[in-house]
>>> print(open('run.txt').read())   # compact mmCIF, C-alpha atoms and all ligand atoms
# COMPACT_ATOMS: atom_id res chain seq x y z
CA MET A 1 0.00 0.00 0.00
CA ALA A 2 1.42 3.35 -1.00
CA ALA A 3 1.85 5.78 1.86
CA PRO A 4 -0.27 8.89 1.53
CA VAL A 5 1.65 12.03 0.60
CA SER A 6 0.57 13.59 3.85
CA TYR A 7 -1.77 12.82 6.73
CA GLU A 8 -2.90 16.43 6.97
CA ARG A 9 -6.38 17.49 5.91
CA GLN A 10 -6.20 19.08 2.49
CA ASN A 11 -6.91 22.63 3.64
CA ILE A 12 -4.25 22.33 6.35
CA GLN A 13 -1.75 21.09 3.76
CA SER A 14 -2.39 24.06 1.54
CA MET A 15 -2.26 26.76 4.23
CA ALA A 16 0.68 28.56 5.84
CA GLY A 17 0.96 28.82 9.63
CA TYR A 18 1.03 32.00 11.72
CA VAL A 19 4.50 33.50 12.11
CA PRO A 20 4.89 35.02 15.59
CA GLY A 21 7.22 37.95 16.24
CA GLU A 22 10.73 37.04 17.31
CA GLN A 23 11.18 36.04 20.97
CA PRO A 24 14.93 36.38 21.57
CA THR A 25 16.63 34.56 24.45
CA ASP A 26 19.27 37.29 24.88
CA PRO A 27 18.09 39.37 27.89
CA ASP A 28 19.97 42.45 26.66
CA VAL A 29 17.83 42.85 23.57
CA VAL A 30 15.57 45.91 23.64
CA LYS A 31 12.36 44.23 22.66
CA LEU A 32 9.98 46.58 20.87
CA ASN A 33 8.56 44.05 18.41
CA THR A 34 5.59 42.21 19.96
CA ASN A 35 3.72 44.91 21.90
CA GLU A 36 4.28 43.59 25.39
CA ASN A 37 3.73 46.01 28.28
CA PRO A 38 7.18 47.35 29.24
CA TYR A 39 6.25 47.41 32.93
CA PRO A 40 6.02 44.34 35.17
CA ALA A 41 2.67 42.98 36.35
CA SER A 42 1.22 44.14 39.67
CA PRO A 43 3.10 42.97 42.79
CA ALA A 44 -0.20 41.31 43.74
CA VAL A 45 0.43 38.85 40.88
CA ALA A 46 3.83 37.88 42.33
CA ARG A 47 2.19 37.36 45.73
CA ALA A 48 -0.57 35.20 44.21
CA LEU A 49 2.08 33.12 42.43
CA ALA A 50 4.10 32.64 45.63
CA ALA A 51 0.95 31.55 47.44
CA ILE A 52 0.27 28.65 45.07
CA ASP A 53 0.96 25.22 46.54
CA VAL A 54 1.60 22.15 44.36
CA GLU A 55 -1.24 20.51 46.29
CA ASP A 56 -3.57 23.10 44.72
CA LEU A 57 -2.82 21.50 41.34
CA ARG A 58 -3.89 17.98 42.29
CA ARG A 59 -7.51 18.73 41.47
CA TYR A 60 -9.03 20.21 38.33
CA PRO A 61 -9.56 23.97 38.38
CA SER A 62 -12.92 25.70 38.10
CA PRO A 63 -14.02 24.68 34.57
CA SER A 64 -15.41 28.13 33.81
CA ALA A 65 -12.84 30.18 35.81
CA GLN A 66 -15.83 31.29 37.84
CA GLY A 67 -13.89 33.49 40.27
CA PHE A 68 -12.38 35.44 37.40
CA ARG A 69 -15.74 35.71 35.65
CA ILE A 70 -17.33 37.26 38.72
CA GLN A 71 -14.52 39.81 39.03
CA ALA A 72 -14.50 40.72 35.34
CA ALA A 73 -18.30 41.00 35.33
CA ALA A 74 -18.16 43.43 38.27
CA LEU A 75 -15.46 45.47 36.51
CA HIS A 76 -17.56 45.80 33.35
CA GLY A 77 -20.96 46.17 35.02
CA LEU A 78 -22.24 42.94 33.48
CA SER A 79 -23.22 39.49 34.69
CA PRO A 80 -20.76 36.53 34.83
CA ALA A 81 -22.76 34.97 31.98
CA ASN A 82 -21.43 37.79 29.76
CA ILE A 83 -17.80 36.78 30.38
CA LEU A 84 -15.99 33.85 28.71
CA PRO A 85 -12.44 33.24 30.04
CA THR A 86 -10.03 31.74 27.48
CA ASN A 87 -6.46 30.50 27.15
CA GLY A 88 -5.20 33.82 25.78
CA GLY A 89 -7.28 36.03 23.54
CA ASP A 90 -6.17 33.88 20.62
CA GLU A 91 -8.26 30.96 21.92
CA LEU A 92 -11.33 33.18 21.81
CA LEU A 93 -10.65 33.92 18.13
CA ARG A 94 -10.38 30.21 17.41
CA LEU A 95 -13.55 29.45 19.36
CA ALA A 96 -15.43 32.16 17.48
CA ILE A 97 -14.54 30.69 14.13
CA THR A 98 -15.20 27.06 15.05
CA THR A 99 -18.51 28.00 16.69
CA PHE A 100 -19.92 30.51 14.20
CA ALA A 101 -18.50 29.58 10.78
CA ASN A 102 -19.23 26.38 8.88
CA ARG A 103 -16.59 24.87 6.64
CA GLY A 104 -16.81 26.76 3.37
CA ASP A 105 -18.46 29.83 4.90
CA THR A 106 -17.03 33.26 4.30
CA VAL A 107 -15.19 35.17 7.00
CA GLY A 108 -14.56 38.90 6.58
CA ILE A 109 -11.62 41.01 7.68
CA ALA A 110 -10.26 44.47 6.96
CA GLU A 111 -6.84 44.59 5.36
CA PRO A 112 -4.26 45.03 6.69
CA SER A 113 -4.97 43.65 10.17
CA TYR A 114 -3.90 40.88 12.58
CA SER A 115 -2.37 38.10 10.48
CA LEU A 116 -3.78 35.36 12.74
CA TYR A 117 -7.31 35.91 11.33
CA PRO A 118 -6.54 34.46 7.87
CA VAL A 119 -4.68 31.55 9.49
CA LEU A 120 -7.69 30.61 11.65
CA THR A 121 -9.92 31.00 8.60
CA GLY A 122 -7.69 28.53 6.75
CA ILE A 123 -7.78 26.01 9.61
CA GLN A 124 -11.58 26.05 9.60
CA ASP A 125 -11.56 25.71 5.79
CA CYS A 126 -13.51 28.91 5.37
CA SER A 127 -13.02 31.40 2.59
CA LEU A 128 -11.80 34.87 3.36
CA VAL A 129 -13.11 38.18 2.10
CA THR A 130 -10.64 41.00 2.69
CA ILE A 131 -11.93 44.55 2.62
CA PRO A 132 -9.11 47.07 2.16
CA LEU A 133 -8.85 50.04 4.49
CA THR A 134 -9.18 53.38 2.72
CA ALA A 135 -6.19 55.59 1.89
CA ASP A 136 -6.46 57.24 5.33
CA TRP A 137 -6.51 53.82 7.07
CA THR A 138 -10.20 53.90 8.05
CA LEU A 139 -12.93 51.39 7.19
CA PRO A 140 -14.85 52.04 3.98
CA ALA A 141 -18.44 53.19 4.64
CA SER A 142 -19.61 50.09 2.76
CA PHE A 143 -17.88 47.68 5.18
CA ALA A 144 -21.04 46.05 6.59
CA SER A 145 -22.81 45.89 3.24
CA ASP A 146 -19.65 44.42 1.67
CA LEU A 147 -19.70 41.72 4.36
CA ASN A 148 -23.37 41.00 3.71
CA GLN A 149 -22.79 40.95 -0.04
CA ALA A 150 -20.09 38.31 0.48
CA ASN A 151 -22.50 36.40 2.74
CA ALA A 152 -19.98 36.51 5.60
CA ARG A 153 -20.99 34.65 8.77
CA LEU A 154 -18.27 36.17 10.89
CA ALA A 155 -16.04 39.24 10.72
CA PHE A 156 -12.97 40.28 12.69
CA LEU A 157 -12.16 43.90 13.44
CA VAL A 158 -9.35 45.03 15.70
CA ASN A 159 -9.86 48.26 17.66
CA PRO A 160 -7.61 50.10 18.30
CA HIS A 161 -6.47 48.85 14.94
CA ALA A 162 -3.32 46.79 14.50
CA PRO A 163 -0.91 47.64 12.99
CA THR A 164 -1.97 51.31 12.72
CA GLY A 165 -2.98 51.89 16.35
CA MET A 166 -5.93 54.01 15.20
CA LEU A 167 -9.22 54.00 17.10
CA MET A 168 -12.68 53.59 15.59
CA GLY A 169 -15.65 55.08 17.45
CA VAL A 170 -18.42 53.19 19.21
CA GLU A 171 -21.05 54.59 16.86
CA GLN A 172 -19.28 53.29 13.79
CA LEU A 173 -18.88 49.84 15.33
CA THR A 174 -22.47 49.55 16.51
CA ALA A 175 -23.73 50.73 13.12
CA ILE A 176 -21.70 47.97 11.48
CA ALA A 177 -23.02 45.37 13.95
CA ARG A 178 -26.61 46.48 13.31
CA GLU A 179 -26.27 46.14 9.57
CA PHE A 180 -24.08 43.02 9.46
CA ARG A 181 -25.99 39.73 9.41
CA GLY A 182 -23.18 37.71 11.04
CA VAL A 183 -21.15 37.81 14.24
CA LEU A 184 -18.82 40.80 14.60
CA VAL A 185 -15.71 40.08 16.66
CA VAL A 186 -14.19 43.31 17.97
CA ASP A 187 -10.66 42.48 19.03
CA GLU A 188 -9.82 44.92 21.83
CA ALA A 189 -6.38 43.50 22.63
CA TYR A 190 -5.00 47.05 22.99
CA VAL A 191 -8.02 48.86 24.40
CA ASP A 192 -6.42 49.39 27.82
CA PHE A 193 -4.05 51.94 26.28
CA VAL A 194 -6.82 54.10 24.84
CA ASP A 195 -6.88 57.62 26.27
CA PRO A 196 -9.85 57.77 28.72
CA GLY A 197 -10.49 61.26 27.31
CA THR A 198 -11.80 59.64 24.10
CA GLY A 199 -14.78 58.26 26.06
CA TYR A 200 -14.48 55.00 24.08
CA ASP A 201 -16.40 52.10 25.67
CA LEU A 202 -17.99 49.42 23.51
CA VAL A 203 -18.90 47.10 26.40
CA PRO A 204 -22.43 48.49 27.06
CA ALA A 205 -23.30 47.70 23.42
CA VAL A 206 -23.35 43.96 24.16
CA ARG A 207 -26.57 44.49 26.13
CA GLU A 208 -28.41 45.44 22.95
CA LEU A 209 -26.44 43.88 20.15
CA GLU A 210 -26.36 40.11 20.35
CA ASN A 211 -23.86 39.77 17.51
CA ILE A 212 -20.94 41.68 19.07
CA LEU A 213 -18.18 39.58 20.61
CA ILE A 214 -15.48 41.66 22.33
CA LEU A 215 -12.00 40.22 22.90
CA ARG A 216 -9.97 41.27 25.92
CA THR A 217 -6.59 39.96 27.03
CA MET A 218 -4.32 40.04 30.08
CA SER A 219 -1.32 39.87 27.72
CA LYS A 220 -0.87 43.54 26.92
CA GLY A 221 -2.59 45.81 29.46
CA TYR A 222 -1.84 43.57 32.45
CA SER A 223 1.74 42.63 31.49
CA LEU A 224 0.96 38.89 31.40
CA ALA A 225 1.64 37.73 27.84
CA GLY A 226 3.42 34.65 29.23
CA LEU A 227 0.40 33.62 31.30
CA ARG A 228 -2.01 33.02 28.39
CA PHE A 229 -5.27 34.43 29.71
CA GLY A 230 -7.93 36.41 27.89
CA TYR A 231 -11.70 36.65 27.84
CA GLY A 232 -14.68 37.35 25.66
CA ILE A 233 -17.48 39.78 26.47
CA GLY A 234 -20.84 39.31 24.83
CA ALA A 235 -24.52 38.55 25.19
CA GLU A 236 -25.21 35.42 27.22
CA ARG A 237 -26.84 33.76 24.22
CA LEU A 238 -23.83 34.49 22.01
CA LEU A 239 -21.31 33.12 24.52
CA ALA A 240 -23.31 30.06 25.55
CA PRO A 241 -22.31 27.69 22.71
CA MET A 242 -18.63 28.48 23.28
CA MET A 243 -19.02 28.18 27.05
CA PHE A 244 -20.92 24.88 26.98
CA LYS A 245 -19.96 23.18 23.72
CA THR A 246 -16.85 24.21 21.80
CA ARG A 247 -14.21 25.13 24.38
CA ASP A 248 -12.11 22.54 26.23
CA SER A 249 -13.76 21.80 29.58
CA TYR A 250 -10.70 23.13 31.44
CA ASN A 251 -9.50 25.71 28.96
CA THR A 252 -7.79 27.89 31.56
CA ASP A 253 -5.56 26.39 34.25
CA TYR A 254 -5.48 26.92 38.00
CA VAL A 255 -2.30 29.02 38.00
CA ALA A 256 -3.51 31.27 35.19
CA GLN A 257 -6.88 31.77 36.88
CA ALA A 258 -5.28 32.72 40.21
CA LEU A 259 -2.84 35.17 38.62
CA ALA A 260 -5.38 36.70 36.25
CA ARG A 261 -7.66 37.34 39.23
CA ALA A 262 -4.88 39.07 41.14
CA ALA A 263 -4.03 41.21 38.10
CA ILE A 264 -7.56 42.30 37.25
CA GLU A 265 -8.26 43.08 40.90
CA ASP A 266 -5.39 45.58 41.07
CA GLN A 267 -6.90 48.10 38.65
CA ALA A 268 -5.03 51.02 40.22
CA TYR A 269 -1.67 49.45 39.39
CA ALA A 270 -2.63 48.46 35.83
CA ARG A 271 -4.11 51.88 35.12
CA ASP A 272 -0.91 53.52 36.22
CA THR A 273 1.11 51.49 33.69
CA TRP A 274 -1.43 52.43 30.98
CA ARG A 275 -1.04 56.12 31.81
CA ARG A 276 2.74 55.84 31.65
CA VAL A 277 2.55 54.07 28.27
CA ARG A 278 0.23 56.82 26.94
CA GLU A 279 2.59 59.58 28.07
CA GLN A 280 5.55 57.77 26.60
CA ARG A 281 3.64 57.14 23.37
CA ALA A 282 3.05 60.86 22.87
CA TRP A 283 6.70 61.67 23.57
CA LEU A 284 8.12 58.89 21.35
CA SER A 285 5.79 59.76 18.51
CA SER A 286 6.97 63.37 18.48
CA GLU A 287 10.64 62.35 18.77
CA LEU A 288 10.25 59.98 15.82
CA ALA A 289 8.51 62.66 13.78
CA ASP A 290 11.44 65.03 14.51
CA ARG A 291 13.70 62.39 12.98
CA GLY A 292 11.70 62.16 9.78
CA LEU A 293 9.72 59.10 10.88
CA PRO A 294 6.13 60.35 11.31
CA CYS A 295 3.67 57.95 12.98
CA LEU A 296 -0.05 57.43 12.58
CA PRO A 297 -2.10 58.71 15.56
CA SER A 298 -2.03 55.70 17.90
CA GLN A 299 -4.33 54.84 20.80
CA SER A 300 -2.39 51.64 21.35
CA ASN A 301 0.99 50.73 22.86
CA PHE A 302 2.76 50.79 19.52
CA LEU A 303 3.43 53.24 16.73
CA LEU A 304 3.35 52.61 12.99
CA CYS A 305 5.96 54.92 11.58
CA GLN A 306 6.66 55.87 8.04
CA ALA A 307 10.17 55.54 6.62
CA ARG A 308 11.26 57.32 3.41
CA ASP A 309 10.66 54.20 1.35
CA THR A 310 10.88 50.40 1.48
CA ASP A 311 14.69 50.30 1.34
CA HIS A 312 14.94 52.83 4.15
CA ALA A 313 12.50 50.86 6.34
CA ARG A 314 14.40 47.61 5.73
CA ALA A 315 17.76 49.23 6.38
CA LEU A 316 16.52 50.78 9.63
CA TYR A 317 15.08 47.46 10.78
CA GLN A 318 18.38 45.66 10.07
CA PHE A 319 20.51 48.38 11.63
CA LEU A 320 18.41 48.39 14.83
CA LYS A 321 18.56 44.60 14.95
CA GLU A 322 22.34 44.61 14.63
CA HIS A 323 22.34 46.95 17.63
CA ARG A 324 20.08 44.55 19.51
CA ILE A 325 16.91 46.60 19.22
CA LEU A 326 14.02 44.61 17.80
CA VAL A 327 11.11 46.31 16.08
CA ARG A 328 8.56 44.76 13.70
CA TYR A 329 8.81 44.89 9.94
CA PHE A 330 5.94 43.56 7.80
CA ASP A 331 6.70 42.55 4.23
CA LEU A 332 3.08 43.22 3.28
CA ASP A 333 1.24 45.62 0.99
CA ARG A 334 1.14 49.17 2.36
CA LEU A 335 3.46 48.19 5.23
CA ARG A 336 6.80 47.63 3.45
CA ASP A 337 7.92 51.21 3.96
CA LYS A 338 6.96 51.29 7.65
CA LEU A 339 8.12 50.01 11.02
CA ARG A 340 5.88 49.04 13.90
CA ILE A 341 7.52 50.02 17.16
CA THR A 342 6.22 49.03 20.60
CA VAL A 343 6.26 51.87 23.14
CA GLY A 344 8.91 50.91 25.71
CA THR A 345 10.13 52.40 28.96
CA PRO A 346 11.71 55.88 28.73
CA ALA A 347 15.16 54.24 28.86
CA GLN A 348 14.37 51.73 26.09
CA ASP A 349 12.88 54.41 23.87
CA GLN A 350 15.91 56.63 24.41
CA GLN A 351 18.15 53.74 23.32
CA LEU A 352 16.02 53.38 20.19
CA LEU A 353 16.32 57.08 19.39
CA ASP A 354 20.08 57.13 20.05
CA CYS A 355 20.48 54.19 17.70
CA LEU A 356 18.37 55.89 15.01
CA ASP A 357 20.54 59.01 15.42
CA SER A 358 23.64 56.94 14.70
CA PHE A 359 22.16 55.42 11.55
C1 LIG B 401 -2.01 40.28 21.36
C2 LIG B 401 -3.19 40.20 20.48
C3 LIG B 401 -4.28 39.35 20.71
C4 LIG B 401 -4.40 38.38 21.84
O1 LIG B 401 -3.21 37.85 22.24
P1 LIG B 401 -3.19 36.78 23.43
O2 LIG B 401 -1.80 36.89 23.94
O3 LIG B 401 -3.52 35.46 22.83
O4 LIG B 401 -4.21 37.20 24.43
C5 LIG B 401 -5.36 39.41 19.87
N1 LIG B 401 -5.38 40.26 18.83
C6 LIG B 401 -4.37 41.09 18.57
C7 LIG B 401 -4.49 42.03 17.41
C8 LIG B 401 -3.24 41.09 19.37
O5 LIG B 401 -2.23 41.91 19.08
>>> encode(input="run.txt", output="structure tokens")
Amino acid sequence: MAAPVSYERQNIQSMAGYVPGEQPTDPDVVKLNTNENPYPASPAVARALAAIDVEDLRRYPSPSAQGFRIQAAALHGLSPANILPTNGGDELLRLAITTFANRGDTVGIAEPSYSLYPVLTGIQDCSLVTIPLTADWTLPASFASDLNQANARLAFLVNPHAPTGMLMGVEQLTAIAREFRGVLVVDEAYVDFVDPGTGYDLVPAVRELENILILRTMSKGYSLAGLRFGYGIGAERLLAPMMFKTRDSYNTDYVAQALARAAIEDQAYARDTWRRVREQRAWLSSELADRGLPCLPSQSNFLLCQARDTDHARALYQFLKEHRILVRYFDLDRLRDKLRITVGTPAQDQQLLDCLDSF
């Protein structure tokens, strides 16, 4: 019997995997490439970690991370049934697609955006409709009708947008959700860094709009990317199939639940790191502009800055890397002449600027 060429399903064979940003082992690297929070997590997280006994791990954890759900619900003024804890925000994205899109269905995204969305679409064997952002990096007014035209069952939007950092308003998002016939995932991975002065808050919309699924994560705002904990916010009826059918029964572990609870409880600490990132973002953006690298107006913890051209962007990326400063370069349409730079601590950002000055 001839061996099959491959044991993979056909759509898995023909797709490419997600390529994560570089995670160097050298501790001296200034890491401004994967949008981690430059400040450590709350000291309450370290205390919660120290308090964990191996005996605590003998039994299964709360299947629904109930303690965390209650805390997150109180924070957002919702009920625990509106909160779905997941193993990182990325698990929520995967659950959304396996729960709401049949094989062969169309999934819609704006382009450019988070490159995991097309990968998940490929895994589920769905087809992708990409709707390009306009010249000024906003959504076209026809976004929802374009999705409906393509018969999309599910759409992913990221707000603040990645990789531009730009913020869409609540009215625009709710108008899209009202018109769109499928489920609208609003990926708020970076929402913690939004200036409170904008008044942005999409959470209350889930009370009226049953097709909005909001993604939140502890990875960025709470400095816990290594923990793998995120959560969905949505109408009870929207979350229920993911809560009771499609997720793993113990999708978040005991340690992650305990630490995520400690982190979300210490709002004062987290908010202080967000404020510092915002102040640093404004400063770094103006320093980069002074050096001929203007950035789009970001409400996130990163800046998308414009080099002179593609060669300049590539040369800057390489030069910084040789000096052990990592930023992100995307070899993608509209992004080849740009660098995405995570806002670091004042000292890290100064190192970046000094290096750029020596280029
Ligand atoms: C970081 C990120 C997420 C979620 O990441 P997790 O670490 O899995 O929580 C989701 N969407 C975008 C755009 C992100 O940058």
>>> closest_residue(input="run.txt", among="A:Arg271, A:Arg340, A:Arg58, A:Arg281", to="ligand LIG 401 (chain B)", atoms="only C-alpha atoms and all ligand atoms")
A:Arg340
>>> residues_near_point(input="run.txt", point="(-9.5, 39.8, 15.6)", cutoff="8 Å", atoms="all atoms listed in the file", output="PyMOL selection string")
chain A and resi 93+114+116-117+156-158+185-187+215
>>> write_last_selection(input="run.txt", atoms="C-alpha atoms", output="PDB file, in the coordinates of the input")
ATOM      1  CA  LEU A  93     -10.650  33.920  18.130  1.00  0.00           C
ATOM      2  CA  TYR A 114      -3.900  40.880  12.580  1.00  0.00           C
ATOM      3  CA  LEU A 116      -3.780  35.360  12.740  1.00  0.00           C
ATOM      4  CA  TYR A 117      -7.310  35.910  11.330  1.00  0.00           C
ATOM      5  CA  PHE A 156     -12.970  40.280  12.690  1.00  0.00           C
ATOM      6  CA  LEU A 157     -12.160  43.900  13.440  1.00  0.00           C
ATOM      7  CA  VAL A 158      -9.350  45.030  15.700  1.00  0.00           C
ATOM      8  CA  VAL A 185     -15.710  40.080  16.660  1.00  0.00           C
ATOM      9  CA  VAL A 186     -14.190  43.310  17.970  1.00  0.00           C
ATOM     10  CA  ASP A 187     -10.660  42.480  19.030  1.00  0.00           C
ATOM     11  CA  LEU A 215     -12.000  40.220  22.900  1.00  0.00           C
TER      12      LEU A 215
END
>>> closest_atom_pairs(input="run.txt", of="chain A", to="ligand LIG 401 (chain B)", cutoff="9 Å", atoms="only C-alpha atoms and all ligand atoms", output="JSON lines")
{"residue": "A:Thr34", "atom": "CA", "partner": "B:LIG401", "partner_atom": "O5", "distance": 7.9}
{"residue": "A:Asn35", "atom": "CA", "partner": "B:LIG401", "partner_atom": "O5", "distance": 7.2}
{"residue": "A:Glu36", "atom": "CA", "partner": "B:LIG401", "partner_atom": "C1", "distance": 8.2}
{"residue": "A:Thr86", "atom": "CA", "partner": "B:LIG401", "partner_atom": "O4", "distance": 8.5}
{"residue": "A:Asn87", "atom": "CA", "partner": "B:LIG401", "partner_atom": "O3", "distance": 7.2}
{"residue": "A:Gly88", "atom": "CA", "partner": "B:LIG401", "partner_atom": "O3", "distance": 3.8}
{"residue": "A:Gly89", "atom": "CA", "partner": "B:LIG401", "partner_atom": "O4", "distance": 3.4}
{"residue": "A:Asp90", "atom": "CA", "partner": "B:LIG401", "partner_atom": "O3", "distance": 3.8}
{"residue": "A:Glu91", "atom": "CA", "partner": "B:LIG401", "partner_atom": "O3", "distance": 6.6}
{"residue": "A:Leu92", "atom": "CA", "partner": "B:LIG401", "partner_atom": "O3", "distance": 8.2}
{"residue": "A:Leu93", "atom": "CA", "partner": "B:LIG401", "partner_atom": "C5", "distance": 7.8}
{"residue": "A:Ser113", "atom": "CA", "partner": "B:LIG401", "partner_atom": "C7", "distance": 7.4}
{"residue": "A:Tyr114", "atom": "CA", "partner": "B:LIG401", "partner_atom": "C7", "distance": 5.0}
{"residue": "A:Ser115", "atom": "CA", "partner": "B:LIG401", "partner_atom": "C7", "distance": 8.2}
{"residue": "A:Leu116", "atom": "CA", "partner": "B:LIG401", "partner_atom": "N1", "distance": 8.0}
{"residue": "A:Tyr117", "atom": "CA", "partner": "B:LIG401", "partner_atom": "N1", "distance": 8.9}
{"residue": "A:Leu157", "atom": "CA", "partner": "B:LIG401", "partner_atom": "C7", "distance": 8.8}
{"residue": "A:Val158", "atom": "CA", "partner": "B:LIG401", "partner_atom": "C7", "distance": 6.0}
{"residue": "A:Asn159", "atom": "CA", "partner": "B:LIG401", "partner_atom": "C7", "distance": 8.2}
{"residue": "A:Pro160", "atom": "CA", "partner": "B:LIG401", "partner_atom": "C7", "distance": 8.7}
{"residue": "A:His161", "atom": "CA", "partner": "B:LIG401", "partner_atom": "C7", "distance": 7.5}
{"residue": "A:Ala162", "atom": "CA", "partner": "B:LIG401", "partner_atom": "C7", "distance": 5.7}
{"residue": "A:Pro163", "atom": "CA", "partner": "B:LIG401", "partner_atom": "C7", "distance": 8.0}
{"residue": "A:Asp187", "atom": "CA", "partner": "B:LIG401", "partner_atom": "N1", "distance": 5.7}
{"residue": "A:Glu188", "atom": "CA", "partner": "B:LIG401", "partner_atom": "N1", "distance": 7.1}
{"residue": "A:Ala189", "atom": "CA", "partner": "B:LIG401", "partner_atom": "C3", "distance": 5.0}
{"residue": "A:Tyr190", "atom": "CA", "partner": "B:LIG401", "partner_atom": "O5", "distance": 7.0}
{"residue": "A:Leu215", "atom": "CA", "partner": "B:LIG401", "partner_atom": "C5", "distance": 7.3}
{"residue": "A:Arg216", "atom": "CA", "partner": "B:LIG401", "partner_atom": "O4", "distance": 7.2}
{"residue": "A:Thr217", "atom": "CA", "partner": "B:LIG401", "partner_atom": "O4", "distance": 4.5}
{"residue": "A:Met218", "atom": "CA", "partner": "B:LIG401", "partner_atom": "O4", "distance": 6.3}
{"residue": "A:Ser219", "atom": "CA", "partner": "B:LIG401", "partner_atom": "O2", "distance": 4.8}
{"residue": "A:Lys220", "atom": "CA", "partner": "B:LIG401", "partner_atom": "C1", "distance": 6.5}
{"residue": "A:Leu224", "atom": "CA", "partner": "B:LIG401", "partner_atom": "O2", "distance": 8.2}
{"residue": "A:Ala225", "atom": "CA", "partner": "B:LIG401", "partner_atom": "O2", "distance": 5.3}
{"residue": "A:Gly226", "atom": "CA", "partner": "B:LIG401", "partner_atom": "O2", "distance": 7.8}
{"residue": "A:Leu227", "atom": "CA", "partner": "B:LIG401", "partner_atom": "O2", "distance": 8.3}
{"residue": "A:Arg228", "atom": "CA", "partner": "B:LIG401", "partner_atom": "O2", "distance": 5.9}
{"residue": "A:Phe229", "atom": "CA", "partner": "B:LIG401", "partner_atom": "O4", "distance": 6.1}
{"residue": "A:Gly230", "atom": "CA", "partner": "B:LIG401", "partner_atom": "O4", "distance": 5.1}
{"residue": "A:Tyr231", "atom": "CA", "partner": "B:LIG401", "partner_atom": "O4", "distance": 8.2}
>>> residues_around(input="run.txt", residues="Tyr222 in chain A", least_positions_apart="6", cutoff="10 Å", atoms="all atoms listed in the file", output="PyMOL selection string")
chain A and resi 36-37+39-42+45+192+260+263-264+266-267+269-271+273-274
>>> atom_distance(input="run.txt", atom1="CA of Gln149 in chain A", atom2="CA of Ala110 in chain A")
14.8 Å
>>> atom_distance(input="run.txt", atom1="CA of Ser145 in chain A", atom2="CA of Val129 in chain A")
12.4 Å
>>> residues_around(input="run.txt", residues="Asn148 in chain A", least_positions_apart="5", cutoff="10 Å", atoms="all atoms listed in the file", output="PyMOL selection string")
chain A and resi 108+142-143+153+179-182
>>> axis_aligned_box(input="run.txt", around="range 45-57 of chain A", padding_each_side="6 Å", output="JSON")
{"center_x": 0.3, "center_y": 29.7, "center_z": 44.2, "size_x": 19.7, "size_y": 30.3, "size_z": 18.6}
>>> closest_atom_pairs(input="run.txt", of="range 90-143 of chain A", to="range 14-30 of chain A", cutoff="10 Å", atoms="all atoms listed in the file", output="JSON lines")
{"residue": "A:Ser115", "atom": "CA", "partner": "A:Tyr18", "partner_atom": "CA", "distance": 7.1}
{"residue": "A:Leu116", "atom": "CA", "partner": "A:Tyr18", "partner_atom": "CA", "distance": 6.0}
{"residue": "A:Tyr117", "atom": "CA", "partner": "A:Tyr18", "partner_atom": "CA", "distance": 9.2}
{"residue": "A:Pro118", "atom": "CA", "partner": "A:Tyr18", "partner_atom": "CA", "distance": 8.8}
{"residue": "A:Val119", "atom": "CA", "partner": "A:Tyr18", "partner_atom": "CA", "distance": 6.1}
{"residue": "A:Leu120", "atom": "CA", "partner": "A:Tyr18", "partner_atom": "CA", "distance": 8.8}
{"residue": "A:Thr121", "atom": "CA", "partner": "A:Met15", "partner_atom": "CA", "distance": 9.8}
{"residue": "A:Gly122", "atom": "CA", "partner": "A:Met15", "partner_atom": "CA", "distance": 6.2}
{"residue": "A:Ile123", "atom": "CA", "partner": "A:Met15", "partner_atom": "CA", "distance": 7.7}
{"residue": "A:Asp125", "atom": "CA", "partner": "A:Met15", "partner_atom": "CA", "distance": 9.5}
>>> residues_around(input="run.txt", residues="Asp354 in chain A", least_positions_apart="3", cutoff="12 Å", atoms="only C-alpha atoms", output="MDAnalysis selection string")
chainID A and resid 287:288 291 320 323 325 347:351 357:359
>>> atom_distance(input="run.txt", atom1="CA of Leu75 in chain A", atom2="CA of Ala155 in chain A")
26.5 Å
>>> closest_residue(input="run.txt", among="A:Ala205, A:Met243, A:Ala307, A:Val277", to="Ala65 in chain A", atoms="all atoms listed in the file")
A:Met243
>>> closest_residue(input="run.txt", among="A:Met166, A:Ala313, A:Leu32, A:Val343", to="Val327 in chain A", atoms="only C-alpha atoms")
A:Leu32
>>> closest_residue(input="run.txt", among="A:Tyr317, A:Phe100, A:Phe302, A:Tyr7", to="Cys355 in chain A", atoms="all atoms listed in the file")
A:Tyr317
>>> closest_residue(input="run.txt", among="A:Leu213, A:Leu167, A:Ala315, A:Ala50", to="Leu84 in chain A", atoms="all atoms listed in the file")
A:Leu213
>>> closest_residue(input="run.txt", among="A:Asn33, A:Thr310, A:Ser127, A:Thr246", to="Arg324 in chain A", atoms="only C-alpha atoms")
A:Asn33
